[in-house]
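Q: Okay, so here is structure38.pdb, and as you'll see once you scroll down, it has PDB, C-alpha atoms (C1' of nucleotides).
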```
ATOM      1  CA  MET A   1      88.505 113.927 173.190
ATOM      2  CA  VAL A   2      88.128 110.169 173.618
ATOM      3  CA  LYS A   3      90.462 108.507 176.042
ATOM      4  CA  THR A   4      90.735 105.289 177.939
ATOM      5  CA  ASP A   5      89.592 105.925 181.463
ATOM      6  CA  ASN A   6      92.715 105.583 183.472
ATOM      7  CA  GLY A   7      91.772 108.030 186.163
ATOM      8  CA  LYS A   8      91.552 105.264 188.732
ATOM      9  CA  ALA A   9      94.985 103.963 187.878
ATOM     10  CA  VAL A  10      96.512 107.439 188.034
ATOM     11  CA  GLU A  11      95.034 108.053 191.452
ATOM     12  CA  ARG A  12      96.136 104.714 192.716
ATOM     13  CA  LEU A  13      99.695 105.327 191.563
ATOM     14  CA  ARG A  14      99.787 108.802 193.096
ATOM     15  CA  ALA A  15      98.483 107.401 196.373
ATOM     16  CA  ALA A  16     101.300 104.861 196.301
ATOM     17  CA  GLY A  17     103.866 107.591 195.719
ATOM     18  CA  LEU A  18     104.624 106.494 192.166
ATOM     19  CA  ARG A  19     104.747 108.972 189.340
ATOM     20  CA  PRO A  20     101.994 108.050 186.920
ATOM     21  CA  THR A  21     103.987 107.557 183.751
ATOM     22  CA  ARG A  22     102.335 106.168 180.649
ATOM     23  CA  GLN A  23     103.813 102.716 181.200
ATOM     24  CA  ARG A  24     102.846 102.500 184.849
ATOM     25  CA  VAL A  25      99.361 103.723 184.153
ATOM     26  CA  GLU A  26      98.868 101.204 181.379
ATOM     27  CA  LEU A  27     100.160  98.333 183.469
ATOM     28  CA  ALA A  28      98.076  99.371 186.447
ATOM     29  CA  GLY A  29      95.135  99.427 184.063
ATOM     30  CA  LEU A  30      95.780  95.839 183.040
ATOM     31  CA  LEU A  31      96.476  94.612 186.533
ATOM     32  CA  PHE A  32      93.910  96.353 188.684
ATOM     33  CA  LYS A  33      90.941  96.799 186.394
ATOM     34  CA  GLY A  34      88.973  93.620 186.977
ATOM     35  CA  ALA A  35      89.344  90.504 189.042
ATOM     36  CA  HIS A  36      92.547  89.617 190.844
ATOM     37  CA  ARG A  37      95.269  88.093 188.709
ATOM     38  CA  HIS A  38      98.412  86.000 188.919
ATOM     39  CA  ILE A  39     101.049  87.070 186.441
ATOM     40  CA  THR A  40     104.614  86.584 185.406
ATOM     41  CA  ALA A  41     106.907  89.235 183.941
ATOM     42  CA  GLU A  42     106.818  87.360 180.652
ATOM     43  CA  SER A  43     103.080  86.837 180.621
ATOM     44  CA  LEU A  44     102.405  90.491 181.373
ATOM     45  CA  HIS A  45     104.841  91.566 178.709
ATOM     46  CA  GLU A  46     103.179  89.337 176.125
ATOM     47  CA  GLU A  47      99.822  90.736 177.085
ATOM     48  CA  ALA A  48     101.085  94.300 176.750
ATOM     49  CA  VAL A  49     102.635  93.552 173.374
ATOM     50  CA  SER A  50      99.445  91.922 172.126
ATOM     51  CA  LEU A  51      97.546  95.085 173.057
ATOM     52  CA  ASP A  52     100.081  97.273 171.264
ATOM     53  CA  LEU A  53     101.238  98.906 174.454
ATOM     54  CA  LYS A  54     104.814  99.982 174.038
ATOM     55  CA  ILE A  55     106.526  98.770 177.185
ATOM     56  CA  SER A  56     109.909  97.087 177.362
ATOM     57  CA  LEU A  57     110.494  93.920 179.327
ATOM     58  CA  ALA A  58     112.922  95.796 181.574
ATOM     59  CA  THR A  59     110.168  98.214 182.480
ATOM     60  CA  ILE A  60     107.824  95.346 183.238
ATOM     61  CA  TYR A  61     110.362  93.994 185.703
ATOM     62  CA  ASN A  62     110.970  97.416 187.221
ATOM     63  CA  THR A  63     107.285  98.103 187.534
ATOM     64  CA  LEU A  64     106.421  94.752 189.068
ATOM     65  CA  HIS A  65     109.021  95.350 191.752
ATOM     66  CA  GLN A  66     107.966  98.930 192.356
ATOM     67  CA  PHE A  67     104.332  97.886 192.655
ATOM     68  CA  THR A  68     105.365  95.163 195.056
ATOM     69  CA  HIS A  69     107.329  97.579 197.242
ATOM     70  CA  ALA A  70     104.417  99.964 197.165
ATOM     71  CA  GLY A  71     102.116  97.224 198.395
ATOM     72  CA  LEU A  72     100.063  97.040 195.199
ATOM     73  CA  LEU A  73     101.299  93.545 194.377
ATOM     74  CA  ARG A  74     102.557  90.577 196.273
ATOM     75  CA  GLN A  75     105.234  88.218 195.092
ATOM     76  CA  VAL A  76     104.474  84.515 195.261
ATOM     77  CA  ILE A  77     107.318  82.038 195.395
ATOM     78  CA  VAL A  78     106.269  78.605 194.220
ATOM     79  CA  ASP A  79     108.568  77.770 191.370
ATOM     80  CA  ALA A  80     112.331  77.873 191.396
ATOM     81  CA  SER A  81     112.517  79.092 187.827
ATOM     82  CA  ARG A  82     109.763  81.646 187.509
ATOM     83  CA  GLY A  83     108.602  84.635 189.522
ATOM     84  CA  TYR A  84     104.880  85.089 190.075
ATOM     85  CA  PHE A  85     103.034  88.196 191.214
ATOM     86  CA  ASP A  86      99.539  88.418 192.634
ATOM     87  CA  THR A  87      97.270  91.454 192.495
ATOM     88  CA  ASN A  88      95.563  90.184 195.610
ATOM     89  CA  THR A  89      97.650  91.529 198.471
ATOM     90  CA  GLY A  90      95.213  90.493 201.175
ATOM     91  CA  ASP A  91      95.460  87.539 203.505
ATOM     92  CA  HIS A  92      95.250  84.373 201.433
ATOM     93  CA  GLN A  93      97.221  81.356 200.269
ATOM     94  CA  HIS A  94      97.606  79.314 197.073
ATOM     95  CA  PHE A  95      97.123  76.099 195.267
ATOM     96  CA  PHE A  96      99.899  75.617 192.742
ATOM     97  CA  VAL A  97      99.121  73.357 189.798
ATOM     98  CA  GLU A  98     102.592  72.040 189.124
ATOM     99  CA  ASP A  99     102.049  70.695 185.615
ATOM    100  CA  GLU A 100     100.538  73.938 184.371
ATOM    101  CA  GLY A 101     102.373  76.545 186.421
ATOM    102  CA  ARG A 102      99.015  77.945 187.459
ATOM    103  CA  LEU A 103      98.075  79.513 190.789
ATOM    104  CA  ILE A 104      94.665  79.411 192.440
ATOM    105  CA  ASP A 105      93.770  81.483 195.496
ATOM    106  CA  ILE A 106      92.741  79.977 198.797
ATOM    107  CA  PRO A 107      90.868  82.551 200.894
ATOM    108  CA  GLY A 108      92.589  83.518 204.104
ATOM    109  CA  GLU A 109      89.483  82.799 206.144
ATOM    110  CA  ALA A 110      89.371  79.229 204.886
ATOM    111  CA  ILE A 111      92.840  78.111 205.819
ATOM    112  CA  SER A 112      94.773  78.373 209.040
ATOM    113  CA  VAL A 113      98.208  77.494 210.289
ATOM    114  CA  SER A 114      98.732  76.749 213.944
ATOM    115  CA  GLY A 115     101.686  75.773 216.049
ATOM    116  CA  VAL A 116     104.305  77.973 214.418
ATOM    117  CA  PRO A 117     107.159  78.013 216.932
ATOM    118  CA  ASN A 118     108.726  81.269 218.041
ATOM    119  CA  PRO A 119     111.231  82.423 215.502
ATOM    120  CA  PRO A 120     114.902  82.351 216.478
ATOM    121  CA  SER A 121     115.640  85.187 218.860
ATOM    122  CA  GLY A 122     116.204  88.506 217.195
ATOM    123  CA  MET A 123     113.941  87.520 214.310
ATOM    124  CA  ALA A 124     110.395  88.534 213.587
ATOM    125  CA  VAL A 125     107.862  86.741 211.441
ATOM    126  CA  ASP A 126     107.344  88.552 208.215
ATOM    127  CA  ARG A 127     104.772  86.305 206.632
ATOM    128  CA  VAL A 128     103.539  82.742 206.651
ATOM    129  CA  ASP A 129     103.153  81.289 203.180
ATOM    130  CA  VAL A 130     101.247  78.120 202.466
ATOM    131  CA  VAL A 131     101.505  76.446 199.077
ATOM    132  CA  VAL A 132      99.308  73.470 198.368
ATOM    133  CA  ARG A 133     100.936  71.694 195.444
ATOM    134  CA  VAL A 134      98.479  69.764 193.325
ATOM    135  CA  ARG A 135      98.786  67.585 190.260
ATOM    136  CA  ARG A 136      96.508  66.069 187.714
ATOM    137  CA  GLY A 137      95.364  62.629 188.840
TER     138      GLY A 137
ATOM    139  CA  MET B   1     144.489  49.281 203.576
ATOM    140  CA  VAL B   2     143.018  52.398 205.146
ATOM    141  CA  LYS B   3     139.841  53.724 203.600
ATOM    142  CA  THR B   4     137.109  56.142 204.442
ATOM    143  CA  ASP B   5     134.130  54.201 205.655
ATOM    144  CA  ASN B   6     131.584  54.701 202.958
ATOM    145  CA  GLY B   7     129.894  51.381 203.373
ATOM    146  CA  LYS B   8     126.728  53.042 204.610
ATOM    147  CA  ALA B   9     126.611  55.387 201.662
ATOM    148  CA  VAL B  10     127.151  52.564 199.200
ATOM    149  CA  GLU B  11     124.334  50.543 200.721
ATOM    150  CA  ARG B  12     122.029  53.490 200.768
ATOM    151  CA  LEU B  13     122.671  54.202 197.106
ATOM    152  CA  ARG B  14     122.170  50.555 196.115
ATOM    153  CA  ALA B  15     118.918  50.480 198.074
ATOM    154  CA  ALA B  16     117.785  53.544 196.153
ATOM    155  CA  GLY B  17     118.646  51.904 192.853
ATOM    156  CA  LEU B  18     121.550  54.216 192.151
ATOM    157  CA  ARG B  19     124.883  52.885 191.022
ATOM    158  CA  PRO B  20     127.407  53.789 193.715
ATOM    159  CA  THR B  21     129.895  55.760 191.680
ATOM    160  CA  ARG B  22     132.741  57.558 193.383
ATOM    161  CA  GLN B  23     131.004  60.924 193.075
ATOM    162  CA  ARG B  24     127.665  59.735 194.373
ATOM    163  CA  VAL B  25     129.283  57.906 197.261
ATOM    164  CA  GLU B  26     131.296  60.954 198.242
ATOM    165  CA  LEU B  27     128.301  63.267 198.060
ATOM    166  CA  ALA B  28     126.136  60.828 199.992
ATOM    167  CA  GLY B  29     128.921  60.764 202.561
ATOM    168  CA  LEU B  30     128.785  64.523 202.925
ATOM    169  CA  LEU B  31     125.027  64.734 202.954
ATOM    170  CA  PHE B  32     123.917  61.804 205.056
ATOM    171  CA  LYS B  33     126.724  61.330 207.517
ATOM    172  CA  GLY B  34     125.636  63.524 210.411
ATOM    173  CA  ALA B  35     122.749  65.815 211.177
ATOM    174  CA  HIS B  36     120.249  66.901 208.566
ATOM    175  CA  ARG B  37     121.365  69.664 206.274
ATOM    176  CA  HIS B  38     120.051  72.338 203.943
ATOM    177  CA  ILE B  39     122.243  72.818 200.905
ATOM    178  CA  THR B  40     122.457  74.514 197.572
ATOM    179  CA  ALA B  41     124.174  73.143 194.464
ATOM    180  CA  GLU B  42     126.776  75.881 194.828
ATOM    181  CA  SER B  43     127.322  75.386 198.532
ATOM    182  CA  LEU B  44     127.737  71.645 198.130
ATOM    183  CA  HIS B  45     130.137  72.138 195.258
ATOM    184  CA  GLU B  46     132.240  74.549 197.276
ATOM    185  CA  GLU B  47     132.308  72.094 200.131
ATOM    186  CA  ALA B  48     133.393  69.276 197.829
ATOM    187  CA  VAL B  49     136.105  71.442 196.290
ATOM    188  CA  SER B  50     137.380  72.475 199.701
ATOM    189  CA  LEU B  51     137.712  68.795 200.621
ATOM    190  CA  ASP B  52     139.566  68.039 197.390
ATOM    191  CA  LEU B  53     136.810  65.851 196.070
ATOM    192  CA  LYS B  54     136.856  65.919 192.297
ATOM    193  CA  ILE B  55     133.248  66.487 191.330
ATOM    194  CA  SER B  56     132.032  68.842 188.666
ATOM    195  CA  LEU B  57     129.192  71.275 189.238
ATOM    196  CA  ALA B  58     127.161  69.492 186.553
ATOM    197  CA  THR B  59     127.443  66.278 188.513
ATOM    198  CA  ILE B  60     126.367  68.048 191.670
ATOM    199  CA  TYR B  61     123.220  69.185 189.898
ATOM    200  CA  ASN B  62     122.604  65.740 188.417
ATOM    201  CA  THR B  63     123.148  64.047 191.725
ATOM    202  CA  LEU B  64     120.934  66.401 193.700
ATOM    203  CA  HIS B  65     118.095  65.707 191.292
ATOM    204  CA  GLN B  66     118.690  61.962 191.262
ATOM    205  CA  PHE B  67     118.763  61.872 195.050
ATOM    206  CA  THR B  68     115.565  63.873 195.105
ATOM    207  CA  HIS B  69     113.805  61.503 192.710
ATOM    208  CA  ALA B  70     115.048  58.578 194.734
ATOM    209  CA  GLY B  71     113.537  60.104 197.852
ATOM    210  CA  LEU B  72     116.863  60.742 199.574
ATOM    211  CA  LEU B  73     116.467  64.508 199.379
ATOM    212  CA  ARG B  74     113.640  66.960 199.254
ATOM    213  CA  GLN B  75     113.644  70.183 197.309
ATOM    214  CA  VAL B  76     112.607  73.312 199.175
ATOM    215  CA  ILE B  77     111.325  76.294 197.252
ATOM    216  CA  VAL B  78     111.656  79.493 199.205
ATOM    217  CA  ASP B  79     113.727  81.764 197.050
ATOM    218  CA  ALA B  80     113.066  82.660 193.441
ATOM    219  CA  SER B  81     116.740  82.717 192.593
ATOM    220  CA  ARG B  82     118.220  79.735 194.373
ATOM    221  CA  GLY B  83     117.337  76.073 194.736
ATOM    222  CA  TYR B  84     117.593  74.503 198.182
ATOM    223  CA  PHE B  85     117.679  70.840 199.083
ATOM    224  CA  ASP B  86     117.011  69.272 202.453
ATOM    225  CA  THR B  87     118.364  65.944 203.682
ATOM    226  CA  ASN B  88     115.362  65.681 205.947
ATOM    227  CA  THR B  89     112.655  64.123 203.803
ATOM    228  CA  GLY B  90     110.237  63.585 206.657
ATOM    229  CA  ASP B  91     107.174  65.626 207.520
ATOM    230  CA  HIS B  92     108.312  69.093 208.503
ATOM    231  CA  GLN B  93     108.250  72.738 207.459
ATOM    232  CA  HIS B  94     110.661  75.695 207.446
ATOM    233  CA  PHE B  95     111.581  79.068 208.726
ATOM    234  CA  PHE B  96     113.362  81.005 206.018
ATOM    235  CA  VAL B  97     115.677  83.773 207.204
ATOM    236  CA  GLU B  98     115.355  86.109 204.251
ATOM    237  CA  ASP B  99     118.423  88.264 204.887
ATOM    238  CA  GLU B 100     120.741  85.296 205.213
ATOM    239  CA  GLY B 101     119.182  82.793 202.843
ATOM    240  CA  ARG B 102     119.147  80.293 205.699
ATOM    241  CA  LEU B 103     116.577  77.568 206.405
ATOM    242  CA  ILE B 104     115.568  76.257 209.805
ATOM    243  CA  ASP B 105     113.396  73.183 210.285
ATOM    244  CA  ILE B 106     110.039  73.271 211.996
ATOM    245  CA  PRO B 107     109.079  69.778 213.162
ATOM    246  CA  GLY B 108     105.991  68.365 211.494
ATOM    247  CA  GLU B 109     104.386  67.562 214.847
ATOM    248  CA  ALA B 110     104.666  71.184 215.932
ATOM    249  CA  ILE B 111     102.866  72.837 213.075
ATOM    250  CA  SER B 112      99.542  72.119 211.441
ATOM    251  CA  VAL B 113      97.521  73.462 208.556
ATOM    252  CA  SER B 114      93.767  73.160 208.593
ATOM    253  CA  GLY B 115      90.991  74.197 206.281
ATOM    254  CA  VAL B 116      92.676  73.389 202.985
ATOM    255  CA  PRO B 117      89.812  73.370 200.494
ATOM    256  CA  ASN B 118      89.368  70.474 198.083
ATOM    257  CA  PRO B 119      91.656  70.874 195.127
ATOM    258  CA  PRO B 120      90.068  71.633 191.768
ATOM    259  CA  SER B 121      88.437  68.504 190.397
ATOM    260  CA  GLY B 122      90.810  66.134 188.701
ATOM    261  CA  MET B 123      93.660  67.293 190.901
ATOM    262  CA  ALA B 124      95.229  65.636 193.894
ATOM    263  CA  VAL B 125      97.231  67.259 196.659
ATOM    264  CA  ASP B 126     100.876  66.440 196.311
ATOM    265  CA  ARG B 127     102.220  68.282 199.301
ATOM    266  CA  VAL B 128     101.469  71.196 201.571
ATOM    267  CA  ASP B 129     104.427  73.484 202.090
ATOM    268  CA  VAL B 130     104.597  76.089 204.805
ATOM    269  CA  VAL B 131     107.303  78.726 204.783
ATOM    270  CA  VAL B 132     107.563  81.094 207.721
ATOM    271  CA  ARG B 133     109.562  84.035 206.476
ATOM    272  CA  VAL B 134     111.476  85.804 209.204
ATOM    273  CA  ARG B 135     113.739  88.827 209.320
ATOM    274  CA  ARG B 136     116.138  90.388 211.706
ATOM    275  CA  GLY B 137     114.316  92.904 213.920
TER     276      GLY B 137
ATOM    277  C1'  DT C   1     139.849  40.944 180.703
ATOM    278  C1'  DT C   2     136.275  42.548 177.600
ATOM    279  C1'  DT C   3     132.301  44.653 176.669
ATOM    280  C1'  DC C   4     128.363  47.354 177.481
ATOM    281  C1'  DT C   5     125.893  50.935 179.321
ATOM    282  C1'  DA C   6     125.470  54.350 182.863
ATOM    283  C1'  DT C   7     127.881  58.237 184.476
ATOM    284  C1'  DT C   8     130.806  62.172 184.513
ATOM    285  C1'  DT C   9     132.542  66.290 182.648
ATOM    286  C1'  DA C  10     134.065  70.701 180.352
ATOM    287  C1'  DG C  11     132.217  73.947 178.201
ATOM    288  C1'  DA C  12     128.507  75.732 175.478
ATOM    289  C1'  DA C  13     123.709  76.918 175.733
ATOM    290  C1'  DT C  14     119.508  78.598 177.885
ATOM    291  C1'  DA C  15     116.345  81.319 180.625
ATOM    292  C1'  DA C  16     115.073  84.535 183.852
ATOM    293  C1'  DT C  17     116.393  88.610 185.607
ATOM    294  C1'  DT C  18     119.323  92.717 186.420
ATOM    295  C1'  DC C  19     122.373  96.313 184.939
ATOM    296  C1'  DT C  20     124.050 100.339 182.233
ATOM    297  C1'  DA C  21     124.174 104.491 180.150
ATOM    298  C1'  DA C  22     121.778 107.228 177.028
ATOM    299  C1'  DA C  23     117.330 109.136 175.622
ATOM    300  C1'  DC C  24     112.975 110.684 177.221
ATOM    301  C1'  DT C  25     109.165 112.638 180.010
ATOM    302  C1'  DG C  26     106.509 114.224 184.191
ATOM    303  C1'  DT C  27     106.546 117.949 187.265
ATOM    304  C1'  DT C  28     107.586 122.231 189.120
ATOM    305  C1'  DG C  29     108.452 127.025 189.410
ATOM    306  C1'  DA C  30     109.019 131.326 186.976
TER     307       DA C  30
ATOM    308  C1'  DT D   1     103.747 128.444 178.732
ATOM    309  C1'  DC D   2     108.110 126.746 179.114
ATOM    310  C1'  DA D   3     112.727 125.675 180.801
ATOM    311  C1'  DA D   4     115.120 122.670 183.551
ATOM    312  C1'  DC D   5     115.807 118.872 186.490
ATOM    313  C1'  DA D   6     115.118 114.543 188.504
ATOM    314  C1'  DG D   7     112.869 110.415 187.814
ATOM    315  C1'  DT D   8     111.803 106.921 184.250
ATOM    316  C1'  DT D   9     112.275 104.077 180.251
ATOM    317  C1'  DT D  10     114.844 101.411 177.138
ATOM    318  C1'  DA D  11     117.906  98.449 174.128
ATOM    319  C1'  DG D  12     121.100  95.630 174.637
ATOM    320  C1'  DA D  13     124.815  93.809 177.326
ATOM    321  C1'  DA D  14     125.741  91.339 181.531
ATOM    322  C1'  DT D  15     124.825  88.174 185.199
ATOM    323  C1'  DT D  16     123.264  84.007 187.534
ATOM    324  C1'  DA D  17     121.458  79.679 188.168
ATOM    325  C1'  DT D  18     120.739  75.768 185.779
ATOM    326  C1'  DT D  19     120.575  72.484 181.836
ATOM    327  C1'  DC D  20     122.405  70.475 177.745
ATOM    328  C1'  DT D  21     125.809  68.133 174.645
ATOM    329  C1'  DA D  22     128.866  65.025 173.110
ATOM    330  C1'  DA D  23     133.056  62.938 174.193
ATOM    331  C1'  DA D  24     135.727  60.459 177.783
ATOM    332  C1'  DT D  25     135.408  57.406 181.748
ATOM    333  C1'  DA D  26     134.179  53.876 184.884
ATOM    334  C1'  DG D  27     130.996  50.357 187.225
ATOM    335  C1'  DA D  28     128.941  45.747 186.381
ATOM    336  C1'  DA D  29     128.529  41.423 184.422
ATOM    337  C1'  DA D  30     130.202  37.645 181.877
TER     338       DA D  30
END
```
Could you quickly redo this structure as structure tokens?
A:
Amino acid sequence: MVKTDNGKAVERLRAAGLRPTRQRVELAGLLFKGAHRHITAESLHEEAVSLDLKISLATIYNTLHQFTHAGLLRQVIVDASRGYFDTNTGDHQHFFVEDEGRLIDIPGEAISVSGVPNPPSGMAVDRVDVVVRVRRG
Amino acid sequence: MVKTDNGKAVERLRAAGLRPTRQRVELAGLLFKGAHRHITAESLHEEAVSLDLKISLATIYNTLHQFTHAGLLRQVIVDASRGYFDTNTGDHQHFFVEDEGRLIDIPGEAISVSGVPNPPSGMAVDRVDVVVRVRRG
DNA sequence: TTTCTATTTAGAATAATTCTAAACTGTTGA
DNA sequence: TCAACAGTTTAGAATTATTCTAAATAGAAA
């Protein structure tokens, strides 16, 4: 019996407490197979469609959020009209190429933010996001 | 003849190359009269309505963008589903209180980012945005 | 005034995302 | 192996923020 090797994806989903359904396994396959990626619900859906994976857009949205809650993805907010997700959940920041809507990682070791004041009392820092907006020119 | 003093607003608009229409003058009055503010198209519209200013939501959107292009406002991207604008266009960053959708300024002198790598060739840095996400707890 | 163009506006249109309720499918226990 | 249940997927409707359109209005200049 010939099958795509999705054993890794299945394990990863189980470890995250997510039932390894066909759709989740296929998406995990796309997302976590090779190098880290930046995707959009639309872009991932188009990719799935082009590979003849049968996954609805609603499921893409559901899955992206579930993966994010499970810590498998991180959401990146750089554009008011489009939600990005990053398969790299480690400490790092981004360049955002405004004309192209493209993200580029900046390693966490490279960049550092200092002088962040104490948050208002009763609040705790969740995360510090740095976006370096760049343009052609 | 008793009139609201909008002389300042009118001058400011003229200086920015914007024709001082009633709507723009009234909005400039709201936005630039006192301390710096963080607003949303919706929140500004509600405020205008509550003060009996006759300004449509479409005009609020138009005006916010025109003010931004003219350098009177700065757009702040912190939330995928809502556009914020800041009357403080100077060098500074933000706390974002995620539960409340509220922004708090961090003075530019306080905070600093170091180690930003060179942007990809052919690209120039437009701006470096820092968002410190905080939560109750 | 008159005229000209920029501006405003109501309402339709768009785009991203979420919701709903019905159909489907992993998983578990017998 | 299989029944049964709870979790998942889905098509399509609904929602939300925002933009567009084309007609009406209002500054500015002469």
Q: Please report as a tab-separated table every residue of chain A lying within 9 Å of chain D, along with the nearest atom pair and their distance in Å (one decimal), using all atoms listed in the file.
A:
```
residue	atom	partner	partner_atom	distance
A:Arg19	CA	D:DG7	C1'	8.4
A:Thr21	CA	D:DT8	C1'	7.9
A:Gln23	CA	D:DT9	C1'	8.6
A:Ile55	CA	D:DT9	C1'	8.4
A:Ser56	CA	D:DT10	C1'	6.6
A:Leu57	CA	D:DT10	C1'	8.9
A:Ala58	CA	D:DT10	C1'	7.4
A:Thr59	CA	D:DT9	C1'	6.6
A:Ser81	CA	D:DA17	C1'	9.0
```
Q: Around (101.0, 78.9, 206.6) in the file's own coordinates, what residues are found within 6 Å if you use only C-alpha atoms (C1' of nucleotides), given back as a VMD selection string?
A: (chain A and resid 113 128 to 130) or (chain B and resid 130)
Q: Near Val97 in chain B, within 7 Å and counting all atoms listed in the file, which residues show up once chain neighbours fewer than 2 positions away are dropped, as a count of residues only?
A: 9
Q: Report as a PyMOL selection string the full result of the PyMOL selection byres ((chain A and resi 83) around 9) when it is applied to this structure.
A: (chain A and resi 39-41+75-82+84-85) or (chain B and resi 80-81) or (chain C and resi 16)
Q: Emit as lines of an AutoDock Vina configuration file the padded axis-aligned box for all listed atoms of range 1-20 of chain D, 8 Å per side, with centre and edge lengths in Å to one decimal.
A:
```
center_x = 114.7
center_y = 99.5
center_z = 181.3
size_x = 38.0
size_y = 74.0
size_z = 30.4
```
Q: I need the output of the PyMOL selection byres ((chain B and resi 9) around 10) for this file as a PyMOL selection string; which residues are they?
A: chain B and resi 5-8+10-15+20+24-33
Q: Using all atoms listed in the file, which residue out of A:Met123, A:Val116, A:Gly17, A:His94 lies closest to Gln66 in chain A?
A: A:Gly17
Q: Of the candidates C:DA30, C:DC19, C:DT5, C:DA13, which one gets nearest to chain A if we count only C-alpha atoms (C1' of nucleotides)?
A: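 The answer is C:DC19, which sits nearest to chain A.
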Q: To one decimal in Å, tell me the separation between CA of Gly115 in chain A and CA of His92 in chain A.
A: 18.1 Å
Q: When you look at Gly137 in chain A with a cut-off of 12 Å (counting all atoms listed in the file), what residues show up, excluding the ones that are within fewer than 4 positions of it in the same chain? I need them as a VMD selection string.
A: (chain A and resid 97 to 99) or (chain B and resid 119 to 126)
Q: Keeping only C-alpha atoms, write the selected residues to a file as a tab-separated table (two decimals), in the coordinates of the input.
A:
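What landed in again_22.tsv:
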```tsv
chain	number	residue	atom	x	y	z
A	97	VAL	CA	99.12	73.36	189.80
A	98	GLU	CA	102.59	72.04	189.12
A	99	ASP	CA	102.05	70.69	185.62
B	119	PRO	CA	91.66	70.87	195.13
B	120	PRO	CA	90.07	71.63	191.77
B	121	SER	CA	88.44	68.50	190.40
B	122	GLY	CA	90.81	66.13	188.70
B	123	MET	CA	93.66	67.29	190.90
B	124	ALA	CA	95.23	65.64	193.89
B	125	VAL	CA	97.23	67.26	196.66
B	126	ASP	CA	100.88	66.44	196.31
```
Q: Distance C1' of DT17 in chain C-CA of Asn62 in chain A, one decimal place?
A: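 Pair C1' of DT17 in chain C / CA of Asn62 in chain A returns 10.5 Å.
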Q: CA of Leu18 in chain B and CA of Gln93 in chain B are how many Å apart?
A: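 It comes out at 27.5 Å.
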Q: When you look at Leu73 in chain A with a cut-off of 9 Å (counting only C-alpha atoms (C1' of nucleotides)), what residues show up, excluding the ones that are within fewer than 3 positions of it in the same chain? I need them as a PyMOL selection string.
A: chain A and resi 64-70+85-89
Q: For range 16-29 of chain B, supply N, CA and C atoms and format the output as a PDB file, in the coordinates of the input.
A:
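part09.pdb written:
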```pdb
ATOM      1  N   ALA B  16     118.578  52.564 196.891  1.00  0.00           N
ATOM      2  CA  ALA B  16     117.785  53.544 196.153  1.00  0.00           C
ATOM      3  C   ALA B  16     117.831  53.287 194.662  1.00  0.00           C
ATOM      4  N   GLY B  17     118.559  52.232 194.272  1.00  0.00           N
ATOM      5  CA  GLY B  17     118.646  51.904 192.853  1.00  0.00           C
ATOM      6  C   GLY B  17     119.611  52.778 192.086  1.00  0.00           C
ATOM      7  N   LEU B  18     120.565  53.363 192.810  1.00  0.00           N
ATOM      8  CA  LEU B  18     121.550  54.216 192.151  1.00  0.00           C
ATOM      9  C   LEU B  18     122.916  53.546 192.192  1.00  0.00           C
ATOM     10  N   ARG B  19     123.565  53.498 191.081  1.00  0.00           N
ATOM     11  CA  ARG B  19     124.883  52.885 191.022  1.00  0.00           C
ATOM     12  C   ARG B  19     125.847  53.697 191.884  1.00  0.00           C
ATOM     13  N   PRO B  20     126.528  53.042 192.796  1.00  0.00           N
ATOM     14  CA  PRO B  20     127.407  53.789 193.715  1.00  0.00           C
ATOM     15  C   PRO B  20     128.717  54.204 193.053  1.00  0.00           C
ATOM     16  N   THR B  21     128.678  55.243 192.298  1.00  0.00           N
ATOM     17  CA  THR B  21     129.895  55.760 191.680  1.00  0.00           C
ATOM     18  C   THR B  21     130.680  56.540 192.735  1.00  0.00           C
ATOM     19  N   ARG B  22     131.936  56.822 192.426  1.00  0.00           N
ATOM     20  CA  ARG B  22     132.741  57.558 193.383  1.00  0.00           C
ATOM     21  C   ARG B  22     132.054  58.866 193.791  1.00  0.00           C
ATOM     22  N   GLN B  23     131.604  59.625 192.798  1.00  0.00           N
ATOM     23  CA  GLN B  23     131.004  60.924 193.075  1.00  0.00           C
ATOM     24  C   GLN B  23     129.755  60.809 193.947  1.00  0.00           C
ATOM     25  N   ARG B  24     128.901  59.865 193.599  1.00  0.00           N
ATOM     26  CA  ARG B  24     127.665  59.735 194.373  1.00  0.00           C
ATOM     27  C   ARG B  24     127.968  59.280 195.793  1.00  0.00           C
ATOM     28  N   VAL B  25     128.939  58.381 195.917  1.00  0.00           N
ATOM     29  CA  VAL B  25     129.283  57.906 197.261  1.00  0.00           C
ATOM     30  C   VAL B  25     129.839  59.054 198.098  1.00  0.00           C
ATOM     31  N   GLU B  26     130.713  59.845 197.488  1.00  0.00           N
ATOM     32  CA  GLU B  26     131.296  60.954 198.242  1.00  0.00           C
ATOM     33  C   GLU B  26     130.245  61.979 198.643  1.00  0.00           C
ATOM     34  N   LEU B  27     129.346  62.300 197.727  1.00  0.00           N
ATOM     35  CA  LEU B  27     128.301  63.267 198.060  1.00  0.00           C
ATOM     36  C   LEU B  27     127.357  62.710 199.116  1.00  0.00           C
ATOM     37  N   ALA B  28     126.994  61.439 198.976  1.00  0.00           N
ATOM     38  CA  ALA B  28     126.136  60.828 199.992  1.00  0.00           C
ATOM     39  C   ALA B  28     126.838  60.881 201.344  1.00  0.00           C
ATOM     40  N   GLY B  29     128.153  60.668 201.321  1.00  0.00           N
ATOM     41  CA  GLY B  29     128.921  60.764 202.561  1.00  0.00           C
ATOM     42  C   GLY B  29     128.763  62.133 203.200  1.00  0.00           C
TER      43      GLY B  29
END
```
